[in-house]
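Here is the file work.pdb (PDB, C-alpha atoms).
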```
ATOM      1  CA  MET A 192      74.917-176.127-236.315
ATOM      2  CA  ARG A 193      74.595-177.415-232.749
ATOM      3  CA  ALA A 194      76.450-174.269-231.676
ATOM      4  CA  ALA A 195      73.783-172.178-233.407
ATOM      5  CA  VAL A 196      71.039-174.189-231.689
ATOM      6  CA  GLY A 197      72.735-173.486-228.358
ATOM      7  CA  LEU A 198      73.110-169.773-229.070
ATOM      8  CA  PHE A 199      69.557-169.221-230.301
ATOM      9  CA  GLY A 200      68.153-171.446-227.538
ATOM     10  CA  GLY A 201      70.010-169.542-224.850
ATOM     11  CA  ARG A 202      69.032-165.958-225.478
ATOM     12  CA  ALA A 203      66.704-163.705-227.420
ATOM     13  CA  TYR A 204      66.938-163.644-231.222
ATOM     14  CA  ASP A 205      67.999-159.995-231.215
ATOM     15  CA  GLY A 206      70.542-160.782-228.530
ATOM     16  CA  VAL A 207      72.433-163.073-230.916
ATOM     17  CA  SER A 208      74.536-160.853-233.163
ATOM     18  CA  VAL A 209      76.280-161.871-236.361
ATOM     19  CA  ASP A 210      79.504-161.313-234.408
ATOM     20  CA  ASP A 211      78.328-163.967-231.906
ATOM     21  CA  LEU A 212      77.524-166.382-234.737
ATOM     22  CA  VAL A 213      80.852-165.801-236.479
ATOM     23  CA  THR A 214      82.720-166.364-233.212
ATOM     24  CA  HIS A 215      80.832-169.412-231.964
ATOM     25  CA  LEU A 216      80.315-171.165-235.286
ATOM     26  CA  GLY A 217      83.889-170.600-236.377
ATOM     27  CA  VAL A 218      82.904-169.488-239.877
ATOM     28  CA  HIS A 219      83.826-166.396-241.831
ATOM     29  CA  ARG A 220      81.220-163.705-242.048
ATOM     30  CA  ASN A 221      81.126-163.799-245.843
ATOM     31  CA  SER A 222      80.632-167.560-245.957
ATOM     32  CA  LEU A 223      77.918-167.308-243.311
ATOM     33  CA  TYR A 224      76.013-164.937-245.581
ATOM     34  CA  LYS A 225      76.806-167.017-248.662
ATOM     35  CA  THR A 226      75.600-170.226-247.028
ATOM     36  CA  PHE A 227      72.520-169.058-245.119
ATOM     37  CA  GLY A 228      71.542-165.781-246.816
ATOM     38  CA  SER A 229      70.757-164.047-243.538
ATOM     39  CA  LYS A 230      70.653-164.488-239.775
ATOM     40  CA  ARG A 231      67.033-165.516-240.171
ATOM     41  CA  GLY A 232      68.015-168.147-242.745
ATOM     42  CA  LEU A 233      70.512-169.594-240.273
ATOM     43  CA  TYR A 234      67.951-169.395-237.458
ATOM     44  CA  LEU A 235      65.402-171.430-239.449
ATOM     45  CA  ILE A 236      67.960-174.139-240.141
ATOM     46  CA  ALA A 237      69.009-174.176-236.467
ATOM     47  CA  LEU A 238      65.354-174.455-235.402
ATOM     48  CA  ARG A 239      64.778-177.410-237.762
ATOM     49  CA  ARG A 240      67.941-179.027-236.462
ATOM     50  CA  HIS A 241      66.660-178.597-232.894
ATOM     51  CA  LEU A 242      63.355-180.204-233.856
ATOM     52  CA  ALA A 243      65.155-183.127-235.484
ATOM     53  CA  ASP A 244      67.764-183.591-232.735
ATOM     54  CA  ASP A 245      65.768-182.812-229.607
ATOM     55  CA  VAL A 246      62.040-183.009-230.322
ATOM     56  CA  ARG A 247      62.075-186.066-232.609
ATOM     57  CA  PRO A 248      63.742-188.275-229.944
ATOM     58  CA  LEU A 249      61.195-187.001-227.408
ATOM     59  CA  LEU A 250      58.394-188.186-229.697
ATOM     60  CA  ASP A 251      60.049-191.601-230.006
ATOM     61  CA  ALA A 252      60.446-191.847-226.230
ATOM     62  CA  LEU A 253      56.831-190.812-225.651
ATOM     63  CA  ALA A 254      55.646-193.517-228.028
ATOM     64  CA  GLY A 255      56.982-196.168-225.674
ATOM     65  CA  GLU A 256      55.460-194.671-222.520
ATOM     66  CA  SER A 257      52.029-195.607-221.229
ATOM     67  CA  ASP A 258      52.433-194.076-217.768
ATOM     68  CA  ALA A 259      51.151-190.490-217.539
ATOM     69  CA  ALA A 260      53.639-189.295-214.919
ATOM     70  CA  ALA A 261      56.568-190.768-216.834
ATOM     71  CA  ALA A 262      55.327-189.212-220.080
ATOM     72  CA  LEU A 263      55.026-185.797-218.433
ATOM     73  CA  ARG A 264      58.512-186.163-216.976
ATOM     74  CA  LEU A 265      59.912-186.926-220.428
ATOM     75  CA  ILE A 266      58.641-183.537-221.594
ATOM     76  CA  THR A 267      59.634-181.583-218.494
ATOM     77  CA  SER A 268      63.174-182.964-218.663
ATOM     78  CA  ALA A 269      63.648-182.509-222.435
ATOM     79  CA  ASP A 270      65.917-179.840-223.901
ATOM     80  CA  LEU A 271      63.266-177.658-225.502
ATOM     81  CA  GLY A 272      64.895-174.258-225.008
ATOM     82  CA  LEU A 273      64.899-173.162-228.634
ATOM     83  CA  LEU A 274      61.372-174.465-229.288
ATOM     84  CA  LEU A 275      59.987-172.516-226.313
ATOM     85  CA  LEU A 276      61.871-169.339-227.202
ATOM     86  CA  ALA A 277      60.728-169.681-230.814
ATOM     87  CA  ALA A 278      57.097-170.122-229.711
ATOM     88  CA  ILE A 279      57.198-167.033-227.518
ATOM     89  CA  GLU A 280      59.449-164.731-229.458
ATOM     90  CA  ARG A 281      59.651-165.533-233.151
ATOM     91  CA  ALA A 282      56.439-167.392-234.039
ATOM     92  CA  PRO A 283      54.254-164.267-233.600
ATOM     93  CA  VAL A 284      56.379-162.305-236.093
ATOM     94  CA  ASP A 285      57.591-165.025-238.473
ATOM     95  CA  GLU A 286      55.137-167.282-240.278
ATOM     96  CA  GLU A 287      57.713-169.895-241.168
ATOM     97  CA  VAL A 288      58.782-170.187-237.531
ATOM     98  CA  ALA A 289      55.123-170.306-236.496
ATOM     99  CA  SER A 290      54.401-173.248-238.779
ATOM    100  CA  GLU A 291      57.474-175.184-237.549
ATOM    101  CA  VAL A 292      56.506-174.576-233.916
ATOM    102  CA  THR A 293      52.866-175.521-234.484
ATOM    103  CA  ALA A 294      53.860-178.709-236.298
ATOM    104  CA  ALA A 295      56.266-179.698-233.504
ATOM    105  CA  LEU A 296      53.751-179.084-230.715
ATOM    106  CA  THR A 297      51.028-180.903-232.641
ATOM    107  CA  ALA A 298      53.375-183.860-233.009
ATOM    108  CA  VAL A 299      53.955-183.891-229.234
ATOM    109  CA  ASP A 300      50.171-183.750-228.661
ATOM    110  CA  GLN A 301      49.712-186.666-231.033
ATOM    111  CA  ALA A 302      52.456-188.704-229.364
ATOM    112  CA  ILE A 303      50.822-188.145-225.947
ATOM    113  CA  ALA A 304      47.380-189.048-227.287
ATOM    114  CA  ASP A 305      48.683-192.264-228.842
ATOM    115  CA  ALA A 306      50.856-193.271-225.888
ATOM    116  CA  LEU A 307      48.312-192.644-223.116
ATOM    117  CA  GLY A 308      45.194-193.381-225.150
ATOM    118  CA  VAL A 309      43.563-190.059-224.292
ATOM    119  CA  PRO A 310      41.471-187.817-226.568
ATOM    120  CA  ALA A 311      43.263-185.198-228.670
ATOM    121  CA  ASP A 312      42.090-182.217-226.602
ATOM    122  CA  MET A 313      43.225-183.883-223.364
ATOM    123  CA  ALA A 314      46.600-184.614-224.974
ATOM    124  CA  THR A 315      46.908-180.940-225.935
ATOM    125  CA  ALA A 316      46.101-179.928-222.350
ATOM    126  CA  LEU A 317      48.740-182.322-221.014
ATOM    127  CA  THR A 318      51.402-181.003-223.414
ATOM    128  CA  ALA A 319      50.512-177.452-222.377
ATOM    129  CA  ALA A 320      50.702-178.368-218.685
ATOM    130  CA  ALA A 321      54.048-180.151-219.132
ATOM    131  CA  LEU A 322      55.536-177.185-221.031
ATOM    132  CA  GLY A 323      54.218-174.870-218.332
ATOM    133  CA  ILE A 324      55.850-176.997-215.649
ATOM    134  CA  LEU A 325      59.088-176.948-217.643
ATOM    135  CA  LEU A 326      58.925-173.142-217.767
ATOM    136  CA  ARG A 327      58.138-172.894-214.065
ATOM    137  CA  GLY A 328      61.152-175.031-213.257
ATOM    138  CA  ASN A 329      59.488-177.154-210.581
ATOM    139  CA  PRO A 330      59.128-180.405-212.443
ATOM    140  CA  ASP A 331      58.781-183.139-209.859
ATOM    141  CA  ASN A 332      56.212-181.850-207.404
ATOM    142  CA  ALA A 333      53.980-180.428-210.087
ATOM    143  CA  VAL A 334      54.277-183.495-212.302
ATOM    144  CA  ASN A 335      53.391-185.763-209.392
ATOM    145  CA  ALA A 336      50.405-183.653-208.401
ATOM    146  CA  LEU A 337      49.143-183.612-211.968
ATOM    147  CA  ALA A 338      49.834-187.300-212.538
ATOM    148  CA  GLN A 339      47.831-188.258-209.418
ATOM    149  CA  ARG A 340      44.804-186.495-210.826
ATOM    150  CA  LEU A 341      45.340-188.197-214.167
ATOM    151  CA  VAL A 342      45.134-191.761-212.943
ATOM    152  CA  PRO A 343      41.366-191.996-213.434
ATOM    153  CA  LEU A 344      41.765-190.525-216.911
ATOM    154  CA  THR A 345      44.224-192.986-218.317
TER     155      THR A 345
ATOM    156  CA  MET B 140      72.183-142.677-246.664
ATOM    157  CA  PRO B 141      70.589-145.153-249.102
ATOM    158  CA  LEU B 142      66.814-145.546-249.207
ATOM    159  CA  ILE B 143      65.464-149.050-249.584
ATOM    160  CA  ARG B 144      62.023-149.863-250.906
ATOM    161  CA  ILE B 145      60.132-152.714-252.472
ATOM    162  CA  ASP B 146      58.738-151.833-255.874
ATOM    163  CA  GLY B 147      56.594-154.639-257.252
ATOM    164  CA  ASP B 148      58.917-157.616-257.651
ATOM    165  CA  ASP B 149      62.067-155.547-257.195
ATOM    166  CA  LEU B 150      64.194-154.330-254.350
ATOM    167  CA  VAL B 151      65.194-150.755-255.111
ATOM    168  CA  VAL B 152      68.102-149.024-253.413
ATOM    169  CA  VAL B 153      68.433-145.296-254.032
ATOM    170  CA  ILE B 154      71.739-143.717-253.092
ATOM    171  CA  GLU B 155      71.233-140.153-251.916
ATOM    172  CA  GLY B 156      73.175-136.921-251.898
ATOM    173  CA  LEU B 157      76.947-136.907-251.885
ATOM    174  CA  ASP B 158      77.081-140.659-251.288
ATOM    175  CA  LYS B 159      76.184-140.923-254.970
ATOM    176  CA  LEU B 160      79.518-139.306-255.663
ATOM    177  CA  TRP B 161      81.527-141.392-253.196
ATOM    178  CA  SER B 162      79.987-144.664-254.315
ATOM    179  CA  PHE B 163      79.821-143.905-258.047
ATOM    180  CA  LYS B 164      76.269-145.223-258.010
ATOM    181  CA  GLY B 165      72.815-143.615-258.160
ATOM    182  CA  SER B 166      70.550-146.563-257.625
ATOM    183  CA  LEU B 167      70.343-150.336-257.752
ATOM    184  CA  THR B 168      67.351-152.413-258.807
ATOM    185  CA  ILE B 169      67.417-156.082-257.894
ATOM    186  CA  PRO B 170      64.669-158.637-258.588
ATOM    187  CA  LEU B 171      63.392-160.036-255.281
ATOM    188  CA  ALA B 172      63.995-163.499-256.711
ATOM    189  CA  ASN B 173      67.721-162.712-256.459
ATOM    190  CA  VAL B 174      67.523-161.464-252.866
ATOM    191  CA  ARG B 175      68.336-164.134-250.299
ATOM    192  CA  GLY B 176      67.813-162.201-247.083
ATOM    193  CA  ALA B 177      68.599-159.193-244.934
ATOM    194  CA  THR B 178      70.420-158.974-241.613
ATOM    195  CA  ALA B 179      71.197-156.132-239.239
ATOM    196  CA  ASP B 180      74.952-156.427-238.722
ATOM    197  CA  PRO B 181      76.718-153.579-236.895
ATOM    198  CA  GLY B 182      79.875-155.699-236.624
ATOM    199  CA  ILE B 183      80.533-156.102-240.350
ATOM    200  CA  ALA B 184      82.133-152.656-240.657
ATOM    201  CA  SER B 185      85.047-153.708-238.475
ATOM    202  CA  GLU B 186      86.001-156.582-240.811
ATOM    203  CA  PRO B 187      88.405-156.274-243.738
ATOM    204  CA  LYS B 188      86.500-155.034-246.746
ATOM    205  CA  GLY B 189      88.852-155.863-249.583
ATOM    206  CA  ILE B 190      89.978-153.608-252.386
ATOM    207  CA  ARG B 191      87.729-150.788-253.502
ATOM    208  CA  ALA B 192      87.189-149.980-257.165
ATOM    209  CA  PRO B 193      85.461-147.736-257.830
ATOM    210  CA  GLY B 194      84.573-146.076-254.575
ATOM    211  CA  SER B 195      85.799-144.229-251.533
ATOM    212  CA  ARG B 196      86.884-145.167-248.099
ATOM    213  CA  VAL B 197      87.889-142.820-245.353
ATOM    214  CA  PRO B 198      88.296-145.046-242.301
ATOM    215  CA  GLY B 199      85.993-143.908-239.543
ATOM    216  CA  VAL B 200      84.026-141.643-241.888
ATOM    217  CA  ILE B 201      82.589-143.440-244.888
ATOM    218  CA  THR B 202      82.783-146.699-246.778
ATOM    219  CA  ALA B 203      81.084-146.381-250.132
ATOM    220  CA  GLY B 204      81.278-148.072-253.503
ATOM    221  CA  THR B 205      82.290-151.424-254.889
ATOM    222  CA  PHE B 206      84.736-153.564-252.922
ATOM    223  CA  HIS B 207      86.384-156.736-254.171
ATOM    224  CA  GLN B 208      87.122-159.530-251.732
ATOM    225  CA  ASP B 209      87.687-163.272-252.196
ATOM    226  CA  GLY B 210      86.441-163.037-255.770
ATOM    227  CA  GLU B 211      83.218-161.362-254.684
ATOM    228  CA  LYS B 212      81.967-157.859-255.269
ATOM    229  CA  VAL B 213      80.312-156.154-252.343
ATOM    230  CA  PHE B 214      78.576-152.782-252.541
ATOM    231  CA  TRP B 215      78.959-150.560-249.474
ATOM    232  CA  ASP B 216      77.314-147.309-248.435
ATOM    233  CA  VAL B 217      77.904-146.917-244.709
ATOM    234  CA  ARG B 218      78.886-144.024-242.480
ATOM    235  CA  ASP B 219      77.439-145.238-239.180
ATOM    236  CA  PRO B 220      78.224-148.956-238.744
ATOM    237  CA  SER B 221      75.657-149.327-235.950
ATOM    238  CA  LYS B 222      72.956-148.983-238.612
ATOM    239  CA  ALA B 223      74.403-151.349-241.209
ATOM    240  CA  VAL B 224      72.156-153.914-242.899
ATOM    241  CA  VAL B 225      73.545-156.724-245.051
ATOM    242  CA  ILE B 226      71.450-157.805-248.034
ATOM    243  CA  GLU B 227      72.641-161.083-249.526
ATOM    244  CA  LEU B 228      72.090-161.559-253.265
ATOM    245  CA  ALA B 229      72.287-164.425-255.745
ATOM    246  CA  ASP B 230      73.073-164.308-259.472
ATOM    247  CA  GLU B 231      73.769-160.577-259.305
ATOM    248  CA  ARG B 232      76.812-158.474-260.048
ATOM    249  CA  TYR B 233      77.156-157.928-256.314
ATOM    250  CA  ALA B 234      77.345-160.814-253.865
ATOM    251  CA  ARG B 235      75.899-158.558-251.174
ATOM    252  CA  LEU B 236      75.028-154.999-250.297
ATOM    253  CA  VAL B 237      76.077-153.405-247.028
ATOM    254  CA  LEU B 238      73.890-150.342-246.488
ATOM    255  CA  GLN B 239      73.293-147.901-243.702
ATOM    256  CA  VAL B 240      69.587-147.392-243.060
ATOM    257  CA  ASP B 241      67.563-145.303-240.608
ATOM    258  CA  ASP B 242      65.908-148.246-238.906
ATOM    259  CA  PRO B 243      67.755-151.551-239.405
ATOM    260  CA  ARG B 244      65.028-153.618-237.724
ATOM    261  CA  ALA B 245      62.311-152.176-239.976
ATOM    262  CA  THR B 246      64.437-152.625-243.111
ATOM    263  CA  VAL B 247      65.189-156.268-242.272
ATOM    264  CA  ALA B 248      61.470-156.894-241.710
ATOM    265  CA  LEU B 249      60.583-155.109-244.971
ATOM    266  CA  VAL B 250      62.977-157.238-247.021
ATOM    267  CA  GLU B 251      62.344-160.561-245.249
ATOM    268  CA  ASN B 252      58.567-160.129-245.503
ATOM    269  CA  ALA B 253      58.847-159.311-249.192
ATOM    270  CA  LEU B 254      60.648-162.647-249.678
ATOM    271  CA  ALA B 255      58.148-164.733-247.731
TER     272      ALA B 255
END
```
Any chance you could put this one into structure tokens?
Amino acid sequence: MRAAVGLFGGRAYDGVSVDDLVTHLGVHRNSLYKTFGSKRGLYLIALRRHLADDVRPLLDALAGESDAAAALRLITSADLGLLLLAAIERAPVDEEVASEVTAALTAVDQAIADALGVPADMATALTAAALGILLRGNPDNAVNALAQRLVPLT
Amino acid sequence: MPLIRIDGDDLVVVIEGLDKLWSFKGSLTIPLANVRGATADPGIASEPKGIRAPGSRVPGVITAGTFHQDGEKVFWDVRDPSKAVVIELADERYARLVLQVDDPRATVALVENALA
């Protein structure tokens, strides 16, 4: 299942063919269909696995962090590839994906709010900023600049 | 080419034209409760299909009818593998249907949304 997380986190949903899944997961096509029902069925299980394996530990790490810059860095250095792709690509067209993504992001917001003692809307803004920095691929400078402005807040 | 539609709580597959002859089948009606999902899968046509009975297979031209493989029955109606959609079933005579459709993406969305 980690192989499926890697595949779906690395390229667009339509770019992952059943041939790719059969090759990388090392399963027979028939048993793939028998086990998961469809590519979408497999995708949903891979997404939940990603949330359990990659997002859950992030939440635990955030819980122990009271420093804003360090908390932001935890997010910008996390492996959130599949979550981000799911949010952009699949959530708008798949309600089940949308609810998983919303729940995961809300959990990150909550972890930030609890760890830094900031209001919920500020925590949401910080999560959004951290994810944006992760997407932009310039973590350190941007995190530092943001963290400096946050000192009076926290 | 088979036509796929949702009719109330059923998935209905209508086999058209001469394919009716090749596949020995006019239509299939499957309760949505027994449909597990749909996937566009152009690559499935290049895999071994098992033994056909009854049905027809002219490699490179048409695969139609009932095929037996690993104790499962699979219904095929495909001429152009690039437009193949796999519909996985449960508690049905067929384990899955492999059907050529006009617009695989639209068919997958139609079936998956009907299940949601």
Please report, as JSON lines, each residue of chain A lying at most 6 Å from chain B, together with the nearest pair of atoms and the separation in Å rounded to one decimal; use all atoms listed in the file, and order rows by chain and ascending residue number.
```
{"residue": "A:Gly228", "atom": "CA", "partner": "B:Arg175", "partner_atom": "CA", "distance": 5.0}
{"residue": "A:Ser229", "atom": "CA", "partner": "B:Gly176", "partner_atom": "CA", "distance": 5.0}
{"residue": "A:Lys230", "atom": "CA", "partner": "B:Thr178", "partner_atom": "CA", "distance": 5.8}
```
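A straight line drawn from CA of Ser195 in chain B to CA of Lys164 in chain B is 11.6 Å long.
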Item to complete: Go through the shown structure with the PyMOL selection byres ((chain A and resi 281-288) around 12) and write out the matching residues as a ChimeraX atom specification.
Response: /A:199-200,203-205,231-232,234-239,242,273-280,289-295 /B:248,251-252,254-255
For range 216-223 of chain A, take all atoms listed in the file, fit an axis-aligned box around them, add 3 Å to each of the six sides, then output centre and edge lengths in Å rounded to one decimal, as AutoDock Vina command-line options.
```
--center_x 80.9 --center_y -167.4 --center_z -240.6 --size_x 12.0 --size_y 13.5 --size_z 16.7
```
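Taking CA of Arg193 in chain A and CA of Arg240 in chain A as the two end points, the separation is 7.8 Å.
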